[in-house]
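Report on the following structure.
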Amino acid sequence: MITGPRSGVTIVVVIDSTVLGPALGGCRITSYPTWNDGLDDAVRLAAAMSEKAALSGLHHGGGKTVAVLPGDGPLPADRRVDLLHDIGDLVQAQQGRYWTGPDVGTSPDDMAVIAAGTHRVFCRPRHLGGSGDSSGPTATGTLAALDHLRRRVLAGRGWDTIAVTVLGLGRVGSRIAAALAGRGARLTVSDVAADRQDLAARLGARWSPPEEALTAPADILVPAATGGLLTAAVVDRLSCRVIAGPANNQLDDPATGDLLHARGILWAPDTVVSAGGVVYATAVEIDHLPHDDAVHRVHQIAGRLDDVLTAAQQHDLSPAAAARQLARRRLRGSAAGEQGAGQRTRIH
Ligand code: PHE
């Protein structure tokens with residue numbers, strides 16, 4: 001953790017694991033009540049990235065950058081550029097143990113500014129040689145997971161009979177909502193920003209305020225905003241059958257995964273569902289795959305989710321616990337010398 005020498009902003013880089021390869025995880029620029037809350041969030045988010053990378057078959061570990069904005073509002077433009085330069089230097093100082101990318105509050109253009117200080121940054125704009133905006137692939141991966149759940153859990157019913165609530169209409173959530181509207185789903189959408197109601201109207205979706213949307217009856221709930229929304233108190237009030245979305249760290253605590261399971265609500269682990277962005281970015285930027293092959297890899301999220309749900313059923317575990325166990329097994333296997341792991345992505 002440092003105070004950025006140019007910006008004066010507190011910046012935290014957490015490296016959770018490098019067992020499978022260099023840690024990877026986005027850079028979040030947002031406000032927290034105190035810098036300690038930012039640090040706690042970074043620690044949790046980095047651990048989730050390790051699980052995400054392990055379950056996605058990537059040769060990477062997990063990390064995260066959090067810049068804790070002072071006050072509520074955004075930074076003035078010049079100070080924000082200073083902050084991005086400070087972040088680039090801090091990533092570079094990790095000497096190849098950590099690669100960054102976009103996350104809440106940052107964009108591909110920001111990655112191009114960070115790249116002034118380090119080449120260890122994913123998702124620069126395409127015209128600058130990066131793989132571009134990762135929100136499209138993240139939405140694609142989530143939709144592959146949702147379609148799998150429709151077949152596996154909802155008996156293959158048509159989308160036009162399925163009620164879906166999308167919570168959060170940011171860059172990823174709005175793409176998912178638009179795709180589901182296109183498939184004819186019975187769609188309800190929600191966002192903390194009331195001006196997103198325009199989008200609801202354009203999609204022909206019902207609008208609902210966030211606190212109502214979370215617990216309203218639905219077949220599928222799609223969390224697409226920031227994390228921690230699933231708490232013990234919320235689980236008691238839910239009336240959905242399936243939860244699957246791209247938000248990171250949806251559970252406030254691992255035990256909440258078991259509470260959901262006990263209530264008969266199928267929670268698809270966010271570390272599997274949300275992996276499209278990192279899967280696509282690494283496929284293009286590390287493995288140099290063409291776009292179509294990288295998208296094909298993103299679609300494999302459906303099969304990975306199937307593996308987790310089948311393991312959960314076989315061992316009578318919640319999907320959350322099964323995902324943790326599978327990820328730990330891969331990390332241990334690699335530590336014990338699993339062939340190939342950790343070797344493909346050199347630290348450079
Ligand atoms: N926001 C992405 C995630 O949470 C982070 C990321 C995307 C990192 C693409 C690298 C490349 O998974």
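Scheme for the structure tokens: letters A, B, ... for chains in order shown; per-chain residue numbers from 1; ligand numbers from 1 in order shown.
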So that I can check the surroundings of stretch 189-200 of chain A, please list as a PyMOL selection string every protein, DNA and RNA residue that reaches within 12 Å of it, counting only C-alpha atoms and ignoring chain neighbours fewer than 4 positions away.
chain A and resi 163-171+173-178+180-181+185+204-216+218+220-226
Export, as a short mmCIF file (atom, residue, chain, number, x, y, z; two decimals), in the first residue's frame, the selected residues with C-alpha atoms.
data_model
loop_
_atom_site.label_atom_id
_atom_site.label_comp_id
_atom_site.auth_asym_id
_atom_site.auth_seq_id
_atom_site.Cartn_x
_atom_site.Cartn_y
_atom_site.Cartn_z
CA ALA A 163 -38.70 -14.28 -15.25
CA VAL A 164 -35.25 -12.72 -14.86
CA THR A 165 -34.23 -9.79 -12.67
CA VAL A 166 -30.98 -8.00 -13.57
CA LEU A 167 -29.58 -5.98 -10.66
CA GLY A 168 -27.26 -3.29 -11.95
CA LEU A 169 -27.19 -1.73 -15.43
CA GLY A 170 -23.54 -0.83 -15.76
CA ARG A 171 -21.32 -1.82 -18.66
CA GLY A 173 -25.38 -5.60 -16.69
CA SER A 174 -26.83 -3.51 -19.50
CA ARG A 175 -25.40 -5.87 -22.14
CA ILE A 176 -26.85 -8.88 -20.34
CA ALA A 177 -30.24 -7.20 -19.98
CA ALA A 178 -30.28 -6.29 -23.69
CA LEU A 180 -32.07 -11.36 -22.46
CA ALA A 181 -34.66 -8.90 -23.76
CA ALA A 185 -37.18 -13.19 -21.29
CA GLY A 204 -39.36 -3.19 -22.78
CA ALA A 205 -38.34 -4.32 -19.27
CA ARG A 206 -40.10 -3.66 -16.00
CA TRP A 207 -38.21 -1.22 -13.73
CA SER A 208 -37.99 -1.87 -10.02
CA PRO A 209 -36.07 -0.03 -7.26
CA PRO A 210 -33.01 -2.07 -6.06
CA GLU A 211 -34.32 -3.02 -2.62
CA GLU A 212 -37.54 -4.42 -4.11
CA ALA A 213 -35.88 -6.04 -7.12
CA LEU A 214 -33.55 -8.11 -4.93
CA THR A 215 -36.35 -9.99 -3.20
CA ALA A 216 -39.14 -9.91 -5.80
CA ALA A 218 -38.15 -14.40 -10.21
CA ILE A 220 -33.32 -16.11 -12.08
CA LEU A 221 -31.66 -13.23 -10.24
CA VAL A 222 -28.62 -11.73 -12.00
CA PRO A 223 -26.38 -9.66 -9.66
CA ALA A 224 -24.45 -7.28 -11.91
CA ALA A 225 -23.52 -4.50 -9.49
CA THR A 226 -20.93 -4.38 -6.71
#
Stretch 141-158 of chain A: which residues within 6 Å, counting only C-alpha atoms, same-chain residues fewer than 6 positions away excluded, as JSON, numbers by chain?
{"A": [273, 276, 298, 299, 302]}
Given the selection you just returned, output its residues as a file containing C-alpha atoms, formatted as a short mmCIF file (atom, residue, chain, number, x, y, z; two decimals), in the first residue's frame.
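Ended up saving to again26.cif:
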data_model
loop_
_atom_site.label_atom_id
_atom_site.label_comp_id
_atom_site.auth_asym_id
_atom_site.auth_seq_id
_atom_site.Cartn_x
_atom_site.Cartn_y
_atom_site.Cartn_z
CA VAL A 273 -19.82 -16.99 -14.03
CA GLY A 276 -15.35 -14.08 -19.34
CA VAL A 298 -15.38 -17.81 -23.00
CA HIS A 299 -18.28 -20.11 -23.93
CA ALA A 302 -20.93 -23.26 -19.35
#
Using only C-alpha atoms, determine which residues lie at most 9 Å from stretch 70-79 of chain A, disregarding the query and same-chain residues fewer than 2 positions distant; provide the list as a list in words.
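The neighbour list is Arg6, Ser7, Gly8, Val9, Thr10, Thr30, Ser31, Tyr32, Pro33, Thr34, Trp35, Val68, Val81, Asp82, Leu83 and Leu84 of chain A.
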Selection above as a file: all heavy atoms, as a CSV table (one decimal), in the first residue's frame:
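What ended up in result.csv:
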chain,number,residue,atom,x,y,z
A,6,ARG,N,2.4,11.2,-6.9
A,6,ARG,CA,1.8,12.3,-7.7
A,6,ARG,C,0.5,12.7,-7.3
A,6,ARG,O,0.1,13.9,-7.2
A,6,ARG,CB,1.7,11.9,-9.2
A,6,ARG,CG,3.0,11.5,-9.8
A,6,ARG,CD,2.7,11.0,-11.3
A,6,ARG,NE,3.8,10.5,-12.0
A,6,ARG,CZ,4.2,9.2,-11.8
A,6,ARG,NH1,3.6,8.4,-11.0
A,6,ARG,NH2,5.3,8.8,-12.5
A,7,SER,N,-0.4,11.7,-7.0
A,7,SER,CA,-1.8,12.0,-6.7
A,7,SER,C,-2.2,12.2,-5.3
A,7,SER,O,-3.2,12.8,-5.0
A,7,SER,CB,-2.6,10.8,-7.3
A,7,SER,OG,-2.3,9.6,-6.5
A,8,GLY,N,-1.4,11.7,-4.4
A,8,GLY,CA,-1.7,11.7,-2.9
A,8,GLY,C,-2.9,10.7,-2.6
A,8,GLY,O,-3.4,10.8,-1.5
A,9,VAL,N,-3.2,9.8,-3.5
A,9,VAL,CA,-4.3,8.9,-3.2
A,9,VAL,C,-3.8,7.6,-2.7
A,9,VAL,O,-2.7,7.1,-3.1
A,9,VAL,CB,-5.1,8.6,-4.6
A,9,VAL,CG1,-6.2,7.5,-4.4
A,9,VAL,CG2,-5.8,9.9,-5.1
A,10,THR,N,-4.5,7.0,-1.7
A,10,THR,CA,-4.1,5.7,-1.2
A,10,THR,C,-4.3,4.6,-2.2
A,10,THR,O,-5.5,4.4,-2.7
A,10,THR,CB,-4.9,5.4,0.1
A,10,THR,OG1,-4.7,6.4,1.0
A,10,THR,CG2,-4.4,4.1,0.7
A,30,THR,N,-12.5,3.7,-6.6
A,30,THR,CA,-13.8,4.0,-6.0
A,30,THR,C,-13.6,4.5,-4.6
A,30,THR,O,-12.5,4.5,-4.0
A,30,THR,CB,-14.7,2.7,-6.1
A,30,THR,OG1,-16.0,3.0,-5.7
A,30,THR,CG2,-14.1,1.6,-5.2
A,31,SER,N,-14.7,5.0,-4.0
A,31,SER,CA,-14.6,5.5,-2.7
A,31,SER,C,-15.1,4.5,-1.6
A,31,SER,O,-15.9,3.6,-1.9
A,31,SER,CB,-15.4,6.8,-2.5
A,31,SER,OG,-16.5,6.8,-3.3
A,32,TYR,N,-14.5,4.5,-0.5
A,32,TYR,CA,-14.8,3.7,0.7
A,32,TYR,C,-14.9,4.6,1.9
A,32,TYR,O,-14.3,5.6,1.9
A,32,TYR,CB,-13.7,2.7,0.9
A,32,TYR,CG,-13.5,1.6,-0.1
A,32,TYR,CD1,-12.7,1.8,-1.2
A,32,TYR,CD2,-14.3,0.4,-0.1
A,32,TYR,CE1,-12.6,0.8,-2.2
A,32,TYR,CE2,-14.1,-0.6,-1.0
A,32,TYR,CZ,-13.3,-0.4,-2.1
A,32,TYR,OH,-13.2,-1.3,-3.1
A,33,PRO,N,-15.7,4.1,2.9
A,33,PRO,CA,-15.8,4.9,4.1
A,33,PRO,C,-14.4,5.3,4.7
A,33,PRO,O,-14.1,6.4,5.1
A,33,PRO,CB,-16.6,4.0,5.1
A,33,PRO,CG,-17.3,3.1,4.2
A,33,PRO,CD,-16.5,2.9,3.0
A,34,THR,N,-13.5,4.3,4.7
A,34,THR,CA,-12.1,4.5,5.2
A,34,THR,C,-11.1,3.7,4.3
A,34,THR,O,-11.6,2.8,3.6
A,34,THR,CB,-11.9,4.0,6.6
A,34,THR,OG1,-11.9,2.6,6.6
A,34,THR,CG2,-12.9,4.6,7.6
A,35,TRP,N,-9.8,4.0,4.3
A,35,TRP,CA,-8.9,3.2,3.5
A,35,TRP,C,-8.8,1.8,3.9
A,35,TRP,O,-8.6,0.9,3.1
A,35,TRP,CB,-7.5,3.9,3.4
A,35,TRP,CG,-6.7,4.0,4.7
A,35,TRP,CD1,-6.6,5.1,5.5
A,35,TRP,CD2,-6.0,2.9,5.3
A,35,TRP,NE1,-5.9,4.8,6.6
A,35,TRP,CE2,-5.4,3.5,6.5
A,35,TRP,CE3,-5.7,1.6,5.0
A,35,TRP,CZ2,-4.7,2.7,7.4
A,35,TRP,CZ3,-4.9,0.8,5.9
A,35,TRP,CH2,-4.4,1.4,7.1
A,68,VAL,N,-8.3,4.2,-3.3
A,68,VAL,CA,-9.4,4.7,-2.4
A,68,VAL,C,-9.6,6.2,-2.6
A,68,VAL,O,-8.7,7.0,-2.2
A,68,VAL,CB,-9.0,4.4,-0.9
A,68,VAL,CG1,-10.2,4.8,0.0
A,68,VAL,CG2,-8.7,2.9,-0.7
A,81,VAL,N,-5.3,11.4,-13.9
A,81,VAL,CA,-4.2,11.0,-14.7
A,81,VAL,C,-3.0,10.7,-13.8
A,81,VAL,O,-2.3,9.7,-14.0
A,81,VAL,CB,-3.9,12.0,-15.8
A,81,VAL,CG1,-2.6,11.7,-16.5
A,81,VAL,CG2,-5.0,12.1,-16.8
A,82,ASP,N,-2.7,11.6,-12.8
A,82,ASP,CA,-1.6,11.4,-11.9
A,82,ASP,C,-1.8,10.0,-11.2
A,82,ASP,O,-0.8,9.3,-11.0
A,82,ASP,CB,-1.6,12.5,-10.8
A,82,ASP,CG,-1.0,13.8,-11.4
A,82,ASP,OD1,-0.4,13.8,-12.5
A,82,ASP,OD2,-1.2,14.9,-10.7
A,83,LEU,N,-3.0,9.8,-10.8
A,83,LEU,CA,-3.3,8.5,-10.0
A,83,LEU,C,-3.0,7.3,-10.9
A,83,LEU,O,-2.4,6.4,-10.5
A,83,LEU,CB,-4.8,8.5,-9.6
A,83,LEU,CG,-5.3,7.2,-9.0
A,83,LEU,CD1,-4.5,6.8,-7.8
A,83,LEU,CD2,-6.8,7.3,-8.7
A,84,LEU,N,-3.4,7.4,-12.2
A,84,LEU,CA,-3.2,6.3,-13.1
A,84,LEU,C,-1.7,6.1,-13.3
A,84,LEU,O,-1.2,4.9,-13.4
A,84,LEU,CB,-3.9,6.5,-14.5
A,84,LEU,CG,-5.4,6.5,-14.4
A,84,LEU,CD1,-6.0,7.0,-15.7
A,84,LEU,CD2,-5.9,5.1,-14.1
From a DSSP calculation on the backbone, collect every residue of stretch 83-270 of chain A in strand (DSSP E) and output the set as a PyMOL selection string.
chain A and resi 98-99+163-167+186-190+206-207+218-223+240-243+266-267
Write out as a compact mmCIF listing (two decimals) with C-alpha atoms, in the first residue's frame which residues come within 8 Å of stretch 134-136 of chain A when counting only C-alpha atoms, dropping same-chain ones fewer than 4 positions away.
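Output file result.txt is given in full below:
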# COMPACT_ATOMS: atom_id res chain seq x y z
CA PRO A 102 -9.95 -2.79 -15.86
CA CYS A 123 -7.35 -4.56 -21.98
CA THR A 140 -20.94 -13.32 -23.07
CA ARG A 171 -21.32 -1.82 -18.66
CA VAL A 172 -21.84 -5.57 -18.14
CA ARG A 175 -25.40 -5.87 -22.14
CA GLY A 276 -15.35 -14.08 -19.34
CA GLY A 277 -13.28 -10.90 -19.14
CA VAL A 278 -10.09 -12.51 -17.87
CA TYR A 280 -10.87 -13.43 -23.18
CA ALA A 281 -8.08 -10.98 -22.28
For the interface of chain A with ligand 1 (cut-off 9 Å, counting only C-alpha atoms and all ligand atoms), please tabulate each contacting residue of chain A alongside its nearest pair of atoms and their separation in Å to one decimal, rows sorted by chain and increasing number, as JSON lines.
{"residue": "A:Leu24", "atom": "CA", "partner": "ligand 1", "partner_atom_place_in_ligand_line": "8 (C)", "distance": 6.0}
{"residue": "A:Gly25", "atom": "CA", "partner": "ligand 1", "partner_atom_place_in_ligand_line": "8 (C)", "distance": 4.4}
{"residue": "A:Gly26", "atom": "CA", "partner": "ligand 1", "partner_atom_place_in_ligand_line": "5 (C)", "distance": 3.8}
{"residue": "A:Cys27", "atom": "CA", "partner": "ligand 1", "partner_atom_place_in_ligand_line": "5 (C)", "distance": 7.3}
{"residue": "A:Arg28", "atom": "CA", "partner": "ligand 1", "partner_atom_place_in_ligand_line": "1 (N)", "distance": 8.2}
{"residue": "A:Leu45", "atom": "CA", "partner": "ligand 1", "partner_atom_place_in_ligand_line": "4 (O)", "distance": 8.0}
{"residue": "A:Ala48", "atom": "CA", "partner": "ligand 1", "partner_atom_place_in_ligand_line": "4 (O)", "distance": 8.6}
{"residue": "A:Met49", "atom": "CA", "partner": "ligand 1", "partner_atom_place_in_ligand_line": "12 (O)", "distance": 6.7}
{"residue": "A:Lys52", "atom": "CA", "partner": "ligand 1", "partner_atom_place_in_ligand_line": "12 (O)", "distance": 7.6}
{"residue": "A:Ala53", "atom": "CA", "partner": "ligand 1", "partner_atom_place_in_ligand_line": "12 (O)", "distance": 8.8}
{"residue": "A:Lys64", "atom": "CA", "partner": "ligand 1", "partner_atom_place_in_ligand_line": "5 (C)", "distance": 8.2}
{"residue": "A:Trp99", "atom": "CA", "partner": "ligand 1", "partner_atom_place_in_ligand_line": "10 (C)", "distance": 7.4}
{"residue": "A:Thr100", "atom": "CA", "partner": "ligand 1", "partner_atom_place_in_ligand_line": "10 (C)", "distance": 5.8}
{"residue": "A:Gly101", "atom": "CA", "partner": "ligand 1", "partner_atom_place_in_ligand_line": "10 (C)", "distance": 4.0}
{"residue": "A:Pro102", "atom": "CA", "partner": "ligand 1", "partner_atom_place_in_ligand_line": "1 (N)", "distance": 5.3}
{"residue": "A:Asp103", "atom": "CA", "partner": "ligand 1", "partner_atom_place_in_ligand_line": "1 (N)", "distance": 3.9}
{"residue": "A:Val104", "atom": "CA", "partner": "ligand 1", "partner_atom_place_in_ligand_line": "1 (N)", "distance": 6.9}
{"residue": "A:Val121", "atom": "CA", "partner": "ligand 1", "partner_atom_place_in_ligand_line": "10 (C)", "distance": 7.5}
{"residue": "A:Phe122", "atom": "CA", "partner": "ligand 1", "partner_atom_place_in_ligand_line": "11 (C)", "distance": 5.1}
{"residue": "A:Cys123", "atom": "CA", "partner": "ligand 1", "partner_atom_place_in_ligand_line": "11 (C)", "distance": 6.1}
{"residue": "A:Ser131", "atom": "CA", "partner": "ligand 1", "partner_atom_place_in_ligand_line": "11 (C)", "distance": 8.9}
{"residue": "A:Asp133", "atom": "CA", "partner": "ligand 1", "partner_atom_place_in_ligand_line": "9 (C)", "distance": 8.3}
{"residue": "A:Ser134", "atom": "CA", "partner": "ligand 1", "partner_atom_place_in_ligand_line": "9 (C)", "distance": 5.7}
{"residue": "A:Ser135", "atom": "CA", "partner": "ligand 1", "partner_atom_place_in_ligand_line": "7 (C)", "distance": 8.2}
{"residue": "A:Thr138", "atom": "CA", "partner": "ligand 1", "partner_atom_place_in_ligand_line": "12 (O)", "distance": 8.0}
{"residue": "A:Pro246", "atom": "CA", "partner": "ligand 1", "partner_atom_place_in_ligand_line": "4 (O)", "distance": 8.6}
{"residue": "A:Ala247", "atom": "CA", "partner": "ligand 1", "partner_atom_place_in_ligand_line": "4 (O)", "distance": 8.2}
{"residue": "A:Asn248", "atom": "CA", "partner": "ligand 1", "partner_atom_place_in_ligand_line": "4 (O)", "distance": 6.4}
{"residue": "A:Thr271", "atom": "CA", "partner": "ligand 1", "partner_atom_place_in_ligand_line": "12 (O)", "distance": 8.3}
{"residue": "A:Ser274", "atom": "CA", "partner": "ligand 1", "partner_atom_place_in_ligand_line": "12 (O)", "distance": 6.4}
{"residue": "A:Ala275", "atom": "CA", "partner": "ligand 1", "partner_atom_place_in_ligand_line": "12 (O)", "distance": 5.7}
{"residue": "A:Gly276", "atom": "CA", "partner": "ligand 1", "partner_atom_place_in_ligand_line": "12 (O)", "distance": 7.5}
{"residue": "A:Gly277", "atom": "CA", "partner": "ligand 1", "partner_atom_place_in_ligand_line": "9 (C)", "distance": 4.6}
{"residue": "A:Val278", "atom": "CA", "partner": "ligand 1", "partner_atom_place_in_ligand_line": "9 (C)", "distance": 4.1}
{"residue": "A:Val279", "atom": "CA", "partner": "ligand 1", "partner_atom_place_in_ligand_line": "9 (C)", "distance": 7.5}
{"residue": "A:Tyr280", "atom": "CA", "partner": "ligand 1", "partner_atom_place_in_ligand_line": "9 (C)", "distance": 7.5}
{"residue": "A:Ala281", "atom": "CA", "partner": "ligand 1", "partner_atom_place_in_ligand_line": "11 (C)", "distance": 5.2}
{"residue": "A:Thr282", "atom": "CA", "partner": "ligand 1", "partner_atom_place_in_ligand_line": "11 (C)", "distance": 6.9}
Which polymer residues have any atom within 7 Å of an atom of A:Gln250, counting only C-alpha atoms, with same-chain residues fewer than 2 positions away left out, as an NGL selection string?
:A and (227-230 or 247-248 or 252 or 270)
Residues within 8 Å of A:Asp16, only C-alpha atoms, excluding chain neighbours under 6 positions, as a PyMOL selection string:
chain A and resi 23+43+46-47+50+61-63
Atom pair atom CA of A:Leu20 / atom CA of A:Gln313: separation (Å):
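Here the two named atoms are 27.2 Å from each other.
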Calculate how many Å separate atom CA of A:Ala255 from atom CA of A:Pro22, rounding to one decimal.
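Going from atom CA of A:Ala255 over to atom CA of A:Pro22, I get 29.1 Å.
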Using DSSP on the backbone coordinates, identify the residues of stretch 232-297 of chain A assigned to helix (DSSP H, G or I); present them as number ranges by chain.
A: 232-237, 254-262, 270-273, 276-285, 291-297
Would you mind exporting the chosen residues as a PDB file, in the first residue's frame, restricted to C-alpha atoms?
ATOM      1  CA  ALA A 232     -27.956 -14.089   5.804  1.00  0.00           C
ATOM      2  CA  ALA A 233     -30.809 -11.597   6.281  1.00  0.00           C
ATOM      3  CA  VAL A 234     -31.312 -11.217   2.527  1.00  0.00           C
ATOM      4  CA  VAL A 235     -31.266 -14.983   1.922  1.00  0.00           C
ATOM      5  CA  ASP A 236     -34.323 -15.363   4.184  1.00  0.00           C
ATOM      6  CA  ARG A 237     -36.265 -12.915   2.026  1.00  0.00           C
ATOM      7  CA  PRO A 254     -18.638 -17.990   2.584  1.00  0.00           C
ATOM      8  CA  ALA A 255     -21.251 -19.401   5.007  1.00  0.00           C
ATOM      9  CA  THR A 256     -23.981 -17.541   3.099  1.00  0.00           C
ATOM     10  CA  GLY A 257     -23.395 -19.996   0.244  1.00  0.00           C
ATOM     11  CA  ASP A 258     -24.547 -22.794   2.538  1.00  0.00           C
ATOM     12  CA  LEU A 259     -27.616 -20.812   3.636  1.00  0.00           C
ATOM     13  CA  LEU A 260     -28.645 -20.385  -0.004  1.00  0.00           C
ATOM     14  CA  HIS A 261     -28.151 -24.092  -0.599  1.00  0.00           C
ATOM     15  CA  ALA A 262     -30.240 -24.979   2.473  1.00  0.00           C
ATOM     16  CA  ASP A 270     -19.464 -15.757  -9.250  1.00  0.00           C
ATOM     17  CA  THR A 271     -15.868 -16.890  -9.714  1.00  0.00           C
ATOM     18  CA  VAL A 272     -17.067 -19.164 -12.537  1.00  0.00           C
ATOM     19  CA  VAL A 273     -19.819 -16.990 -14.029  1.00  0.00           C
ATOM     20  CA  GLY A 276     -15.346 -14.082 -19.344  1.00  0.00           C
ATOM     21  CA  GLY A 277     -13.276 -10.898 -19.139  1.00  0.00           C
ATOM     22  CA  VAL A 278     -10.088 -12.511 -17.871  1.00  0.00           C
ATOM     23  CA  VAL A 279     -10.544 -15.598 -20.049  1.00  0.00           C
ATOM     24  CA  TYR A 280     -10.867 -13.432 -23.182  1.00  0.00           C
ATOM     25  CA  ALA A 281      -8.084 -10.985 -22.278  1.00  0.00           C
ATOM     26  CA  THR A 282      -5.554 -13.732 -21.504  1.00  0.00           C
ATOM     27  CA  ALA A 283      -6.574 -15.741 -24.594  1.00  0.00           C
ATOM     28  CA  VAL A 284      -5.892 -12.728 -26.842  1.00  0.00           C
ATOM     29  CA  GLU A 285      -2.986 -11.024 -25.073  1.00  0.00           C
ATOM     30  CA  HIS A 291     -11.100 -13.196 -31.545  1.00  0.00           C
ATOM     31  CA  ASP A 292     -13.372 -16.131 -32.469  1.00  0.00           C
ATOM     32  CA  ASP A 293     -11.197 -18.696 -30.689  1.00  0.00           C
ATOM     33  CA  ALA A 294     -11.027 -16.470 -27.607  1.00  0.00           C
ATOM     34  CA  VAL A 295     -14.835 -16.163 -27.600  1.00  0.00           C
ATOM     35  CA  HIS A 296     -15.054 -19.936 -27.928  1.00  0.00           C
ATOM     36  CA  ARG A 297     -12.965 -20.199 -24.760  1.00  0.00           C
TER      37      ARG A 297
END
